[in-house]
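Here the structure is laid out as structure tokens; the discussion comes afterwards.
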Amino acid sequence: MDHAAPSPVPLGQAEVSQALQRLHMTIFSQSVSPCGKFLAAGNNYGRIAIFSLSAALSSEAKEESKKPMVTFHAHDGPVYSMVSTDRHLLSAGDGEVKGWLWAEILKKGCKELWRRQPPYRTSLEVPEINALLLVPKENSLILAGGDCQLHTMDLETGTFTRALRGHTDYIHCLALRDRSPEVLSGGEDGAVRLWDLRIAKEVQTIEVYKHEECSRPHNGRWIGCLATDSDWMVCGGGPALTLWHLRSSTPTTVFPIRAPQKHVTFYQDLILSAGQGCCVNHWQLSGELKAQVPGSSPGLLSLSLNQQPAAPECKVLTASGNSCRVDVFTNLGYRAFSMSF
């Protein structure tokens, strides 16, 4: 007697909706907890997932260890940017920034501590906040995005203390020069602007696309990523990924990669970059490509280096972008595994 194969159980509407969400997910932002053992990831649906890096990296890790300990709804639109202070996770979406206590998040009680909206020109304006930057020396947070301004918020009082104007189109990225109170910003107008926080003024402008060796008109003039290290800056986007000497405003190395780069960071004597395409690129400062390490997403938007001294066993690079996965590189040369939203 033939036994008919059991008919598949039809998926419920919730499961279908969840599967579609995962299929179309983008993870825009990441932030490591102050203790170094947890990673927050923010997606295009306004949700934040908290992963336990220590559990996922443990020798007894199971598949469950690579899933979020907790996920919660943080913003109505995408979570474009996140940073962590010694106690708080700060997240930004459309028009506002929110503060969450890490201790409460880890207890799975995810209530926002506060929310703040920069003083926009009109009440109808709800520009996205693309970038957050902590300025530890003045205990402040800088926010930038769709309204073309850099807003400074005092973290103690929650008040907005200054707005820096100069960009003519929206801002994608920010970077802090550690030794001096200066901030760099890059945006859709193709300019990297250097701001002196002591006098609240723009003190240097580099219009990257006007330099022939960097210009790629077919990709546009937008600056999508930048990082600094002392007198050096690396930036990319529409124009080629390029290393600049800031004091002389001179491009010193143009990196030979065609795909627009969306995230860049200095690491020891290397520059790490990622963007269109699945690879994390390791560059020598001379421009030589040392390695291209494939990840699991078709495009990458965010790299996070966990260098918290409190958790040396969790020292990893994580990469996320156009998928529901966060790739974990325990050694920079290969992807060890992925955690999934």
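Residue numbers start at 1 in each chain; chains themselves are named A, B, ... in the order of the structure tokens; ligands are numbered from 1 in the order shown.
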All residues 12 Å or closer to Ala336 (chain A), only C-alpha atoms, same chain fewer than 4 positions away omitted, as a PDB file with C-alpha atoms, in the first residue's frame:
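Written file, result31.pdb:
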ATOM      1  CA  ALA A  56      28.201  33.053  19.495  1.00  0.00           C
ATOM      2  CA  LEU A  57      32.007  32.822  19.859  1.00  0.00           C
ATOM      3  CA  LYS A  66      23.823  33.087  16.512  1.00  0.00           C
ATOM      4  CA  VAL A 293      37.501  38.636   2.183  1.00  0.00           C
ATOM      5  CA  PRO A 294      34.019  37.547   1.014  1.00  0.00           C
ATOM      6  CA  GLY A 295      31.005  37.866   3.291  1.00  0.00           C
ATOM      7  CA  SER A 296      27.438  36.628   2.890  1.00  0.00           C
ATOM      8  CA  VAL A 316      36.096  40.580  16.098  1.00  0.00           C
ATOM      9  CA  LEU A 317      35.174  42.482  12.959  1.00  0.00           C
ATOM     10  CA  THR A 318      31.480  42.386  12.058  1.00  0.00           C
ATOM     11  CA  ALA A 319      30.003  43.404   8.694  1.00  0.00           C
ATOM     12  CA  VAL A 326      25.781  40.022  10.311  1.00  0.00           C
ATOM     13  CA  ASP A 327      29.072  38.397   9.273  1.00  0.00           C
ATOM     14  CA  VAL A 328      31.631  37.735  12.013  1.00  0.00           C
ATOM     15  CA  PHE A 329      35.353  37.688  11.183  1.00  0.00           C
ATOM     16  CA  THR A 330      37.334  36.313  14.143  1.00  0.00           C
ATOM     17  CA  ASN A 331      40.538  36.704  12.239  1.00  0.00           C
ATOM     18  CA  LEU A 332      40.449  39.390   9.588  1.00  0.00           C
TER      19      LEU A 332
END
(Q) I'd like the contact shell of Gly93 (chain A) - 9 Å cut-off, only C-alpha atoms, skipping same-chain residues fewer than 4 positions apart - returned as a PyMOL selection string. (A) chain A and resi 46+74-81+97-98+127-130
File of the preceding selection, C-alpha atoms, as a short mmCIF file (atom, residue, chain, number, x, y, z; two decimals), in the first residue's frame:
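Writing done, so here's result_25.cif:
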data_model
loop_
_atom_site.label_atom_id
_atom_site.label_comp_id
_atom_site.auth_asym_id
_atom_site.auth_seq_id
_atom_site.Cartn_x
_atom_site.Cartn_y
_atom_site.Cartn_z
CA GLY A 46 13.09 50.19 12.57
CA ALA A 74 13.00 51.30 18.04
CA HIS A 75 11.98 53.67 15.21
CA ASP A 76 9.13 54.02 12.72
CA GLY A 77 11.60 54.12 9.82
CA PRO A 78 15.08 52.63 9.34
CA VAL A 79 17.70 52.69 12.12
CA TYR A 80 20.36 54.53 10.12
CA SER A 81 22.99 54.98 12.81
CA VAL A 97 17.62 60.19 18.22
CA LYS A 98 16.71 57.88 21.11
CA PRO A 127 14.98 64.46 7.64
CA GLU A 128 16.75 61.18 8.23
CA ILE A 129 19.71 61.21 10.61
CA ASN A 130 22.41 59.32 8.71
#
Q. With only C-alpha atoms as the basis for distance, which of A:Thr26, A:Leu133, A:Glu288, A:Met82 is at the shortest distance from Thr152 (chain A)?
A. A:Leu133
**Q.** Contacts of region 146-151 of chain A within 7 Å, only C-alpha atoms, excl. fewer than 4 positions in-chain, as a VMD selection string
**A.** chain A and resid 118 127 to 129 142 160 162 to 165 167 to 171
Write to file, as a PDB file, in the first residue's frame, the residues of the selection just made, with C-alpha atoms.
ATOM      1  CA  PRO A 118      17.105  68.525  16.550  1.00  0.00           C
ATOM      2  CA  PRO A 127      14.981  64.464   7.642  1.00  0.00           C
ATOM      3  CA  GLU A 128      16.750  61.179   8.229  1.00  0.00           C
ATOM      4  CA  ILE A 129      19.713  61.210  10.614  1.00  0.00           C
ATOM      5  CA  ILE A 142      26.894  65.170  16.802  1.00  0.00           C
ATOM      6  CA  PHE A 160      21.090  71.154  21.330  1.00  0.00           C
ATOM      7  CA  ARG A 162      24.955  74.460  18.062  1.00  0.00           C
ATOM      8  CA  ALA A 163      24.217  73.816  14.393  1.00  0.00           C
ATOM      9  CA  LEU A 164      27.011  73.875  11.824  1.00  0.00           C
ATOM     10  CA  ARG A 165      25.933  74.924   8.333  1.00  0.00           C
ATOM     11  CA  HIS A 167      26.847  71.537   3.241  1.00  0.00           C
ATOM     12  CA  THR A 168      24.463  72.189   0.353  1.00  0.00           C
ATOM     13  CA  ASP A 169      23.029  68.659   0.259  1.00  0.00           C
ATOM     14  CA  TYR A 170      22.464  65.909   2.774  1.00  0.00           C
ATOM     15  CA  ILE A 171      25.259  64.516   4.911  1.00  0.00           C
TER      16      ILE A 171
END
Q.
I'd like to know which of A:Ser273, A:Ser185, A:Asn219, A:Thr71 is closest to Thr242 (chain A), using only C-alpha atoms.
A.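 Ranked by minimum distance to Thr242 (chain A), first place goes to A:Ser273.
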Q. Distance CA of Ile271 (chain A)-CA of Lys290 (chain A), one decimal place?
A.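 Rounded to one decimal, the two atoms are 9.9 Å apart.
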Q: Find the spatial neighbours of Lys107 (chain A), counting only C-alpha atoms, within a cut-off of 12 Å - ignore same-chain residues fewer than 6 positions away - and output them as a PyMOL selection string.
A: chain A and resi 50+69-71+101
Within 12 Å of Thr161 (chain A) using only C-alpha atoms, minus same-chain residues under 4 positions, as a short mmCIF file (atom, residue, chain, number, x, y, z; two decimals) with N, CA, C and O atoms, in the first residue's frame:
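Saved result, selection_9.cif, follows:
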data_model
loop_
_atom_site.label_atom_id
_atom_site.label_comp_id
_atom_site.auth_asym_id
_atom_site.auth_seq_id
_atom_site.Cartn_x
_atom_site.Cartn_y
_atom_site.Cartn_z
N PRO A 118 16.36 67.28 16.77
CA PRO A 118 17.10 68.52 16.55
C PRO A 118 16.16 69.66 16.14
O PRO A 118 15.07 69.41 15.62
N PRO A 119 16.56 70.91 16.36
CA PRO A 119 15.70 72.03 15.98
C PRO A 119 15.71 72.22 14.46
O PRO A 119 16.59 72.88 13.92
N GLU A 138 33.92 66.64 25.12
CA GLU A 138 32.90 67.62 25.53
C GLU A 138 31.58 66.93 25.91
O GLU A 138 30.57 67.60 26.05
N ASN A 139 31.63 65.60 26.06
CA ASN A 139 30.44 64.82 26.42
C ASN A 139 29.24 65.20 25.56
O ASN A 139 28.15 65.52 26.06
N SER A 140 29.47 65.19 24.25
CA SER A 140 28.39 65.58 23.34
C SER A 140 28.24 64.55 22.22
O SER A 140 29.09 63.68 22.02
N LEU A 141 27.14 64.71 21.51
CA LEU A 141 26.80 63.85 20.37
C LEU A 141 26.56 64.75 19.18
O LEU A 141 25.85 65.75 19.29
N ILE A 142 27.16 64.41 18.03
CA ILE A 142 26.89 65.17 16.80
C ILE A 142 26.02 64.32 15.90
O ILE A 142 26.27 63.12 15.72
N LEU A 143 24.96 64.93 15.37
CA LEU A 143 24.01 64.25 14.48
C LEU A 143 24.03 64.97 13.14
O LEU A 143 24.09 66.21 13.10
N LEU A 150 25.10 69.93 10.86
CA LEU A 150 25.63 69.11 11.95
C LEU A 150 25.08 69.70 13.25
O LEU A 150 25.34 70.86 13.57
N HIS A 151 24.28 68.92 13.97
CA HIS A 151 23.69 69.38 15.23
C HIS A 151 24.48 68.78 16.39
O HIS A 151 24.74 67.58 16.40
N THR A 152 24.83 69.61 17.38
CA THR A 152 25.52 69.11 18.57
C THR A 152 24.54 69.05 19.74
O THR A 152 23.85 70.03 20.02
N MET A 153 24.50 67.88 20.40
CA MET A 153 23.63 67.71 21.56
C MET A 153 24.49 67.44 22.79
O MET A 153 25.37 66.58 22.76
N ASP A 154 24.24 68.19 23.86
CA ASP A 154 24.91 67.97 25.14
C ASP A 154 24.31 66.71 25.77
O ASP A 154 23.10 66.64 26.01
N LEU A 155 25.14 65.70 26.02
CA LEU A 155 24.61 64.42 26.51
C LEU A 155 24.14 64.49 27.95
O LEU A 155 23.36 63.66 28.40
N GLU A 156 24.63 65.49 28.69
CA GLU A 156 24.19 65.60 30.09
C GLU A 156 22.80 66.21 30.19
O GLU A 156 21.94 65.73 30.92
N THR A 157 22.57 67.27 29.41
CA THR A 157 21.30 67.99 29.53
C THR A 157 20.29 67.62 28.45
O THR A 157 19.10 67.89 28.59
N LEU A 197 35.47 72.67 16.41
CA LEU A 197 34.38 72.76 17.39
C LEU A 197 34.59 73.90 18.38
O LEU A 197 33.63 74.37 18.99
N ALA A 200 33.24 76.71 16.31
CA ALA A 200 32.01 76.34 15.60
C ALA A 200 32.02 76.85 14.16
O ALA A 200 31.04 77.44 13.68
#
Can you list, as a compact mmCIF listing (two decimals) with N, CA and C atoms, in the first residue's frame, all residues belonging to region 97-149 of chain A that DSSP tags as strand (DSSP E)?
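Once everything was written out, this is part_14.txt:
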# COMPACT_ATOMS: atom_id res chain seq x y z
N VAL A 97 16.66 61.11 17.61
CA VAL A 97 17.62 60.19 18.22
C VAL A 97 17.02 59.72 19.54
N LYS A 98 17.26 58.44 19.86
CA LYS A 98 16.71 57.88 21.11
C LYS A 98 17.84 57.29 21.94
N GLY A 99 17.64 57.32 23.25
CA GLY A 99 18.61 56.73 24.18
C GLY A 99 18.00 55.52 24.87
N TRP A 100 18.79 54.47 24.99
CA TRP A 100 18.37 53.22 25.65
C TRP A 100 19.46 52.84 26.65
N LEU A 101 19.08 52.30 27.78
CA LEU A 101 20.06 51.83 28.77
C LEU A 101 20.50 50.42 28.41
N TRP A 114 14.96 58.21 26.59
CA TRP A 114 14.61 59.55 26.13
C TRP A 114 14.62 59.58 24.61
N ARG A 115 14.01 60.62 24.05
CA ARG A 115 14.11 60.88 22.61
C ARG A 115 14.29 62.38 22.40
N ARG A 116 15.05 62.73 21.39
CA ARG A 116 15.30 64.15 21.11
C ARG A 116 15.22 64.39 19.61
N ILE A 129 18.43 60.96 9.96
CA ILE A 129 19.71 61.21 10.61
C ILE A 129 20.63 60.06 10.20
N ASN A 130 21.56 60.36 9.30
CA ASN A 130 22.41 59.32 8.71
C ASN A 130 23.61 58.96 9.56
N ALA A 131 24.05 59.90 10.41
CA ALA A 131 25.31 59.67 11.12
C ALA A 131 25.25 60.23 12.53
N LEU A 132 25.81 59.46 13.48
CA LEU A 132 25.98 59.89 14.87
C LEU A 132 27.47 59.81 15.20
N LEU A 133 27.95 60.76 15.98
CA LEU A 133 29.36 60.78 16.35
C LEU A 133 29.50 61.28 17.79
N LEU A 134 30.16 60.48 18.63
CA LEU A 134 30.41 60.90 20.01
C LEU A 134 31.68 61.76 20.06
N VAL A 135 31.58 62.86 20.85
CA VAL A 135 32.76 63.70 21.10
C VAL A 135 33.03 63.61 22.61
N SER A 140 29.47 65.19 24.25
CA SER A 140 28.39 65.58 23.34
C SER A 140 28.24 64.55 22.22
N LEU A 141 27.14 64.71 21.51
CA LEU A 141 26.80 63.85 20.37
C LEU A 141 26.56 64.75 19.18
N ILE A 142 27.16 64.41 18.03
CA ILE A 142 26.89 65.17 16.80
C ILE A 142 26.02 64.32 15.90
N LEU A 143 24.96 64.93 15.37
CA LEU A 143 24.01 64.25 14.48
C LEU A 143 24.03 64.97 13.14
N ALA A 144 23.95 64.22 12.05
CA ALA A 144 23.91 64.85 10.74
C ALA A 144 23.11 64.00 9.78
N GLY A 145 22.54 64.64 8.76
CA GLY A 145 21.76 63.88 7.77
C GLY A 145 21.06 64.76 6.77
N GLN A 149 22.85 69.87 7.99
CA GLN A 149 23.52 70.53 9.11
C GLN A 149 24.11 69.49 10.07
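We find CA of Pro34 (chain A) and CA of Leu89 (chain A) to be spaced 9.0 Å apart.
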Q: Record the distance separating CA of Asp189 (chain A) and CA of Thr159 (chain A), expressed in Å with one decimal.
A: 28.3 Å
Q: Have a look at A:Leu226, A:Ile199, A:Val83, A:Ala191 and name the one nearest to Leu243 (chain A); count only C-alpha atoms.
A: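 Using only C-alpha atoms, Leu243 (chain A) sits closest to A:Leu226.
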